[in-house]
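A.B. asks: Got a file for you: upload-v4.txt, compact mmCIF, C-alpha atoms.
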```
# COMPACT_ATOMS: atom_id res chain seq x y z
CA MET A 1 20.12 172.95 29.02
CA SER A 2 21.66 171.77 32.28
CA ASP A 3 19.88 172.03 35.64
CA GLU A 4 22.28 174.81 36.68
CA ALA A 5 21.65 176.73 33.44
CA ARG A 6 17.87 176.45 33.94
CA VAL A 7 18.15 177.80 37.49
CA LEU A 8 20.36 180.70 36.36
CA ASP A 9 17.91 181.52 33.59
CA LEU A 10 15.01 181.44 36.06
CA ILE A 11 16.65 183.92 38.44
CA GLY A 12 17.99 186.14 35.69
CA ARG A 13 21.71 185.45 36.07
CA THR A 14 24.34 184.38 33.59
CA SER A 15 26.72 182.88 36.16
CA THR A 16 26.60 181.61 39.73
CA LEU A 17 26.99 184.09 42.57
CA PHE A 18 30.48 182.96 43.56
CA PHE A 19 31.76 182.00 40.11
CA ASP A 20 34.40 184.73 39.90
CA ASP A 21 35.71 184.01 43.41
CA VAL A 22 35.90 180.26 42.86
CA ASP A 23 37.45 180.70 39.42
CA SER A 24 40.17 183.06 40.65
CA LEU A 25 41.05 180.71 43.53
CA SER A 26 40.58 177.48 41.59
CA ASP A 27 44.19 176.29 41.77
CA GLU A 28 44.51 177.15 45.45
CA ILE A 29 41.24 175.38 46.30
CA SER A 30 42.17 172.27 44.31
CA THR A 31 45.60 172.05 45.97
CA LEU A 32 44.04 172.38 49.42
CA VAL A 33 41.35 169.77 48.76
CA LYS A 34 43.74 167.23 47.24
CA SER A 35 45.90 167.27 50.35
CA SER A 36 43.05 167.20 52.89
CA CYS A 37 40.66 164.80 54.61
CA PHE A 38 36.95 165.65 54.77
CA LEU A 39 33.98 164.38 56.75
CA VAL A 40 30.47 165.42 55.70
CA ILE A 41 27.72 164.64 58.22
CA GLY A 42 24.21 164.83 56.79
CA GLY A 43 25.71 164.32 53.36
CA ALA A 44 22.64 162.68 51.80
CA GLY A 45 20.50 165.84 52.02
CA SER A 46 20.31 168.27 49.12
CA ILE A 47 23.00 170.58 50.48
CA GLY A 48 25.12 167.69 51.72
CA GLN A 49 25.01 166.07 48.29
CA ALA A 50 25.97 169.31 46.55
CA LEU A 51 28.87 169.84 48.94
CA THR A 52 30.03 166.23 48.62
CA LYS A 53 30.11 166.50 44.82
CA GLU A 54 32.10 169.74 44.92
CA ILE A 55 34.68 168.13 47.19
CA PHE A 56 34.72 164.82 45.28
CA LYS A 57 35.44 166.38 41.89
CA ARG A 58 38.59 167.98 43.31
CA SER A 59 40.01 164.57 44.33
CA PRO A 60 40.48 164.86 48.11
CA ARG A 61 42.80 162.53 49.98
CA VAL A 62 39.84 161.32 52.08
CA LEU A 63 36.12 161.99 51.74
CA HIS A 64 33.79 160.23 54.18
CA VAL A 65 30.05 160.86 54.18
CA VAL A 66 27.69 160.07 57.07
CA ASP A 67 23.88 160.05 56.91
CA ILE A 68 21.09 157.92 58.35
CA ASN A 69 19.18 158.03 55.04
CA GLU A 70 20.58 154.95 53.31
CA ASN A 71 18.46 155.35 50.17
CA ASN A 72 19.58 158.92 49.56
CA MET A 73 23.17 157.87 50.18
CA VAL A 74 22.91 155.18 47.50
CA GLU A 75 21.48 157.75 45.09
CA LEU A 76 24.34 160.12 45.90
CA VAL A 77 26.95 157.49 45.08
CA ARG A 78 25.15 156.54 41.86
CA ASP A 79 24.94 160.18 40.84
CA ILE A 80 28.64 160.73 41.52
CA ARG A 81 29.65 157.59 39.62
CA SER A 82 27.54 158.51 36.59
CA SER A 83 28.37 162.23 36.48
CA ILE A 84 31.93 162.50 37.83
CA GLY A 85 33.30 158.96 37.98
CA TYR A 86 35.97 157.83 40.40
CA MET A 87 38.85 159.34 42.33
CA ASP A 88 42.16 158.08 43.68
CA GLY A 89 41.43 159.03 47.30
CA ASP A 90 39.47 157.20 49.99
CA PHE A 91 35.76 157.80 49.31
CA ARG A 92 33.35 155.98 51.63
CA THR A 93 29.80 156.42 52.89
CA PHE A 94 28.42 155.34 56.26
CA ALA A 95 24.69 154.89 56.93
CA ILE A 96 24.94 155.67 60.64
CA ASP A 97 23.54 158.21 63.11
CA CYS A 98 26.04 160.89 64.13
CA GLY A 99 24.53 160.70 67.62
CA GLY A 100 25.15 156.98 68.04
CA ARG A 101 27.95 154.79 69.32
CA GLU A 102 28.78 153.75 65.77
CA PHE A 103 29.75 157.32 64.93
CA GLU A 104 31.90 157.60 68.03
CA THR A 105 33.64 154.40 66.97
CA LEU A 106 34.16 155.78 63.47
CA MET A 107 35.76 158.93 64.87
CA ALA A 108 37.96 156.86 67.19
CA CYS A 109 39.13 154.37 64.56
CA GLU A 110 39.58 156.48 61.44
CA SER A 111 42.42 158.92 60.85
CA SER A 112 41.73 162.52 61.80
CA TYR A 113 39.76 164.78 59.46
CA ASP A 114 41.04 168.21 58.46
CA TYR A 115 37.59 169.62 57.71
CA VAL A 116 34.29 168.48 59.21
CA PHE A 117 30.88 169.64 57.98
CA ASN A 118 27.85 168.87 60.15
CA LEU A 119 24.79 169.61 58.01
CA SER A 120 22.35 167.40 59.92
CA ALA A 121 19.30 169.05 61.50
CA LEU A 122 15.54 169.00 62.00
CA LYS A 123 14.57 172.30 60.44
CA HIS A 124 10.87 172.97 60.44
CA VAL A 125 8.90 174.94 63.03
CA ARG A 126 6.03 172.44 62.89
CA SER A 127 8.37 169.86 64.41
CA GLU A 128 7.97 171.70 67.72
CA LYS A 129 4.26 170.95 67.96
CA ASP A 130 4.56 167.54 69.60
CA PRO A 131 6.87 166.71 72.51
CA TYR A 132 8.35 163.59 70.89
CA THR A 133 9.61 165.30 67.75
CA LEU A 134 10.73 168.27 69.83
CA MET A 135 12.85 165.91 71.93
CA ARG A 136 14.38 164.59 68.71
CA MET A 137 14.96 168.15 67.46
CA LEU A 138 16.81 169.08 70.64
CA SER A 139 18.89 165.91 70.41
CA VAL A 140 19.85 166.40 66.75
CA ASN A 141 20.17 170.19 66.59
CA ILE A 142 21.87 170.79 69.93
CA PHE A 143 23.36 167.76 71.64
CA ASN A 144 24.58 166.03 68.47
CA THR A 145 26.00 169.34 67.25
CA ILE A 146 27.99 169.82 70.44
CA ASP A 147 29.13 166.19 70.51
CA THR A 148 30.26 166.11 66.88
CA PHE A 149 32.18 169.34 67.38
CA ARG A 150 33.97 168.02 70.43
CA LEU A 151 34.79 164.72 68.73
CA SER A 152 36.18 166.61 65.74
CA ARG A 153 38.16 168.97 67.93
CA ASP A 154 39.64 166.12 69.95
CA LYS A 155 40.71 164.40 66.72
CA GLY A 156 42.58 167.53 65.61
CA ALA A 157 40.24 168.99 62.97
CA LYS A 158 41.50 172.23 61.44
CA LYS A 159 38.03 173.66 60.84
CA VAL A 160 34.51 172.58 61.75
CA PHE A 161 31.35 173.81 60.03
CA LEU A 162 28.20 173.51 62.13
CA ARG A 163 24.57 173.76 61.12
CA ILE A 164 22.56 175.92 63.53
CA ASP A 165 18.99 176.50 62.40
CA GLY A 166 17.37 179.84 63.19
CA GLN A 167 13.98 179.23 61.61
CA SER A 168 12.66 177.77 64.83
CA ARG A 169 10.89 180.19 67.16
CA LYS A 170 12.86 178.70 70.01
CA SER A 171 16.23 178.73 68.28
CA SER A 172 17.41 181.74 70.25
CA LYS A 173 16.77 179.78 73.44
CA TYR A 174 18.19 176.48 72.27
CA ASP A 175 21.27 177.60 70.33
CA GLY A 176 23.60 174.69 70.98
CA CYS A 177 26.55 176.53 69.51
CA GLN A 178 26.32 179.09 72.30
CA GLN A 179 27.04 176.33 74.81
CA ALA A 180 29.80 174.52 72.93
CA ASP A 181 33.40 174.88 74.03
CA TYR A 182 35.14 175.65 70.75
CA GLY A 183 38.66 175.84 72.11
CA ASN A 184 41.01 176.99 69.36
CA VAL A 185 39.26 175.29 66.45
CA PRO A 186 38.00 177.75 63.77
CA ASN A 187 34.36 177.13 63.01
CA ALA A 188 31.48 178.48 61.01
CA ARG A 189 27.74 178.69 61.55
CA GLU A 190 25.18 178.71 58.78
CA ARG A 191 23.24 181.92 58.23
CA ASN A 192 20.92 183.51 55.62
CA HIS A 193 17.96 181.63 54.17
CA ALA A 194 18.05 179.79 50.89
CA CYS A 195 15.48 177.22 49.81
CA PHE A 196 16.55 173.70 48.94
CA ASN A 197 15.24 170.37 50.25
CA GLY A 198 14.10 172.12 53.42
CA THR A 199 15.87 175.24 54.62
CA PHE A 200 19.60 175.72 54.65
CA ARG A 201 21.61 178.53 56.13
CA LYS A 202 24.79 179.46 54.31
CA CYS A 203 28.06 179.34 56.18
CA ARG A 204 29.98 182.36 57.30
CA PHE A 205 33.09 182.40 59.42
CA LEU A 206 32.65 183.58 63.00
```
The structure in this file should be written as structure tokens.
C.D. replies:
Amino acid sequence: MSDEARVLDLIGRTSTLFFDDVDSLSDEISTLVKSSCFLVIGGAGSIGQALTKEIFKRSPRVLHVVDINENNMVELVRDIRSSIGYMDGDFRTFAIDCGGREFETLMACESSYDYVFNLSALKHVRSEKDPYTLMRMLSVNIFNTIDTFRLSRDKGAKKVFLRIDGQSRKSSKYDGCQQADYGNVPNARERNHACFNGTFRKCRFL
């Protein structure tokens, strides 16, 4: 029994929640992905890995993955190679911080991305208990979010998906998305709890 089948059996389902929707739009989704360029930030986390695999198996024109966790990135590539294989498009991973100069250089030097997913965040309330981690949380969850959006917008991204965590008690005060200038770029925030490697909030269009 596959991992997915075991999960479905555990929660009493016979198919995934969005199976019918994805199945009915399969050709349209595949056509869109094959002609598009994707950037996944925070792609070595559990949700980032799942998203990267879904995109990869539909053979995108470009799929670039950014994450500071080099070990998890290596495991992601190994998993993709062993379970899916290879694709004709440009698939590359970058072990860099999306808040650093290296990321700005990447955005400046690479061709524009059609779809950008920023899944990076510090998620847990306990991270607020010391000032040093809190400073890091503000930097990652707010300032990096705003900066990556603006970089994506300036490079002509069609859609940007941002991770805004609401588990924090202070999230209503420090909602970086409220301060970002979106311009005309469609975007999505993540909402609704689901448990993975930490807490992830599913995307919905604004």
A.B. asks: What is the CA of Thr16 (chain A)-CA of Glu4 (chain A) distance in Å, reported with one decimal?
C.D. replies: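 Between CA of Thr16 (chain A) and CA of Glu4 (chain A) the gap is 8.6 Å.
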A.B. asks: With distances taken over only C-alpha atoms, which of A:Arg163, A:Arg153, A:Ser36, A:Ile68 is nearest to Phe94 (chain A)?
C.D. replies: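 Closest to Phe94 (chain A), using only C-alpha atoms: A:Ile68.
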A.B. asks: Excluding same-chain residues fewer than 6 positions from Ala95 (chain A), what lies within 8 Å of it counting all atoms listed in the file, as a list in words?
C.D. replies: Val66, Asp67, Ile68, Asn69, Glu70 and Met73 of chain A
A.B. asks: From the options A:Cys98, A:Ser46, A:Arg6, A:Asp20, which residue's atoms come nearest to Asn72 (chain A), counting all atoms listed in the file?
C.D. replies: A:Ser46
A.B. asks: Can you work out which one of A:Ile84, A:Ala50, A:Ile41, A:Ile96 has the shortest atom-to-atom distance to Thr145 (chain A), counting only C-alpha atoms?
C.D. replies: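 When distances to Thr145 (chain A) are compared using only C-alpha atoms, the smallest one comes from A:Ile41.
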A.B. asks: Env of Gly156 (chain A): 12 Å cut, atoms = only C-alpha atoms, seq-sep filter 2 positions within chain, self excluded. Answer as a PDB file with C-alpha atoms, keeping the file's coordinate frame.
C.D. replies:
```pdb
ATOM      1  CA  CYS A  37      40.660 164.800  54.610  1.00  0.00           C
ATOM      2  CA  MET A 107      35.760 158.930  64.870  1.00  0.00           C
ATOM      3  CA  ALA A 108      37.960 156.860  67.190  1.00  0.00           C
ATOM      4  CA  SER A 111      42.420 158.920  60.850  1.00  0.00           C
ATOM      5  CA  SER A 112      41.730 162.520  61.800  1.00  0.00           C
ATOM      6  CA  TYR A 113      39.760 164.780  59.460  1.00  0.00           C
ATOM      7  CA  ASP A 114      41.040 168.210  58.460  1.00  0.00           C
ATOM      8  CA  TYR A 115      37.590 169.620  57.710  1.00  0.00           C
ATOM      9  CA  VAL A 116      34.290 168.480  59.210  1.00  0.00           C
ATOM     10  CA  PHE A 149      32.180 169.340  67.380  1.00  0.00           C
ATOM     11  CA  ARG A 150      33.970 168.020  70.430  1.00  0.00           C
ATOM     12  CA  LEU A 151      34.790 164.720  68.730  1.00  0.00           C
ATOM     13  CA  SER A 152      36.180 166.610  65.740  1.00  0.00           C
ATOM     14  CA  ARG A 153      38.160 168.970  67.930  1.00  0.00           C
ATOM     15  CA  ASP A 154      39.640 166.120  69.950  1.00  0.00           C
ATOM     16  CA  LYS A 158      41.500 172.230  61.440  1.00  0.00           C
ATOM     17  CA  LYS A 159      38.030 173.660  60.840  1.00  0.00           C
ATOM     18  CA  VAL A 160      34.510 172.580  61.750  1.00  0.00           C
ATOM     19  CA  GLY A 183      38.660 175.840  72.110  1.00  0.00           C
ATOM     20  CA  ASN A 184      41.010 176.990  69.360  1.00  0.00           C
ATOM     21  CA  VAL A 185      39.260 175.290  66.450  1.00  0.00           C
ATOM     22  CA  PRO A 186      38.000 177.750  63.770  1.00  0.00           C
TER      23      PRO A 186
END
```
A.B. asks: What is the distance between CA of Leu32 (chain A) and CA of Ser120 (chain A), in Å to one decimal?
C.D. replies: 24.6 Å
A.B. asks: How far is it from CA of Ile80 (chain A) to CA of Ala44 (chain A), in Å with one decimal?
C.D. replies: 12.1 Å
A.B. asks: Could you name the residues that touch Asn141 (chain A) at 7 Å or less, counting all atoms listed in the file, but leaving out those on the same chain fewer than 2 positions away, as a PyMOL selection string?
C.D. replies: chain A and resi 121-122+137-139+143-145+164
A.B. asks: Please produce a file of the residues just selected, as a compact mmCIF listing (two decimals), in the coordinates of the input, where the atoms kept are C-alpha atoms.
C.D. replies:
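Okay, part_28.txt is ready:
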```
# COMPACT_ATOMS: atom_id res chain seq x y z
CA ALA A 121 19.30 169.05 61.50
CA LEU A 122 15.54 169.00 62.00
CA MET A 137 14.96 168.15 67.46
CA LEU A 138 16.81 169.08 70.64
CA SER A 139 18.89 165.91 70.41
CA PHE A 143 23.36 167.76 71.64
CA ASN A 144 24.58 166.03 68.47
CA THR A 145 26.00 169.34 67.25
CA ILE A 164 22.56 175.92 63.53
```
A.B. asks: Counting all atoms listed in the file, figure out which residue out of A:Val40, A:Arg61, A:Asp79, A:Tyr132 gets nearest to Thr93 (chain A).
C.D. replies: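 Of A:Val40, A:Arg61, A:Asp79, A:Tyr132, the one nearest Thr93 (chain A) is A:Val40, counting all atoms listed in the file.
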A.B. asks: With only C-alpha atoms as the atoms that count, which of A:Phe18, A:Phe161, A:Phe91, A:Phe103 lies nearest to His64 (chain A)?
C.D. replies: A:Phe91
A.B. asks: Looking at all atoms listed in the file, which of A:Asp3, A:Gln49, A:Gly43, A:Arg58 is the one that sits closest to Ile29 (chain A)?
C.D. replies: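 Closest to Ile29 (chain A) of all the choices is A:Arg58.
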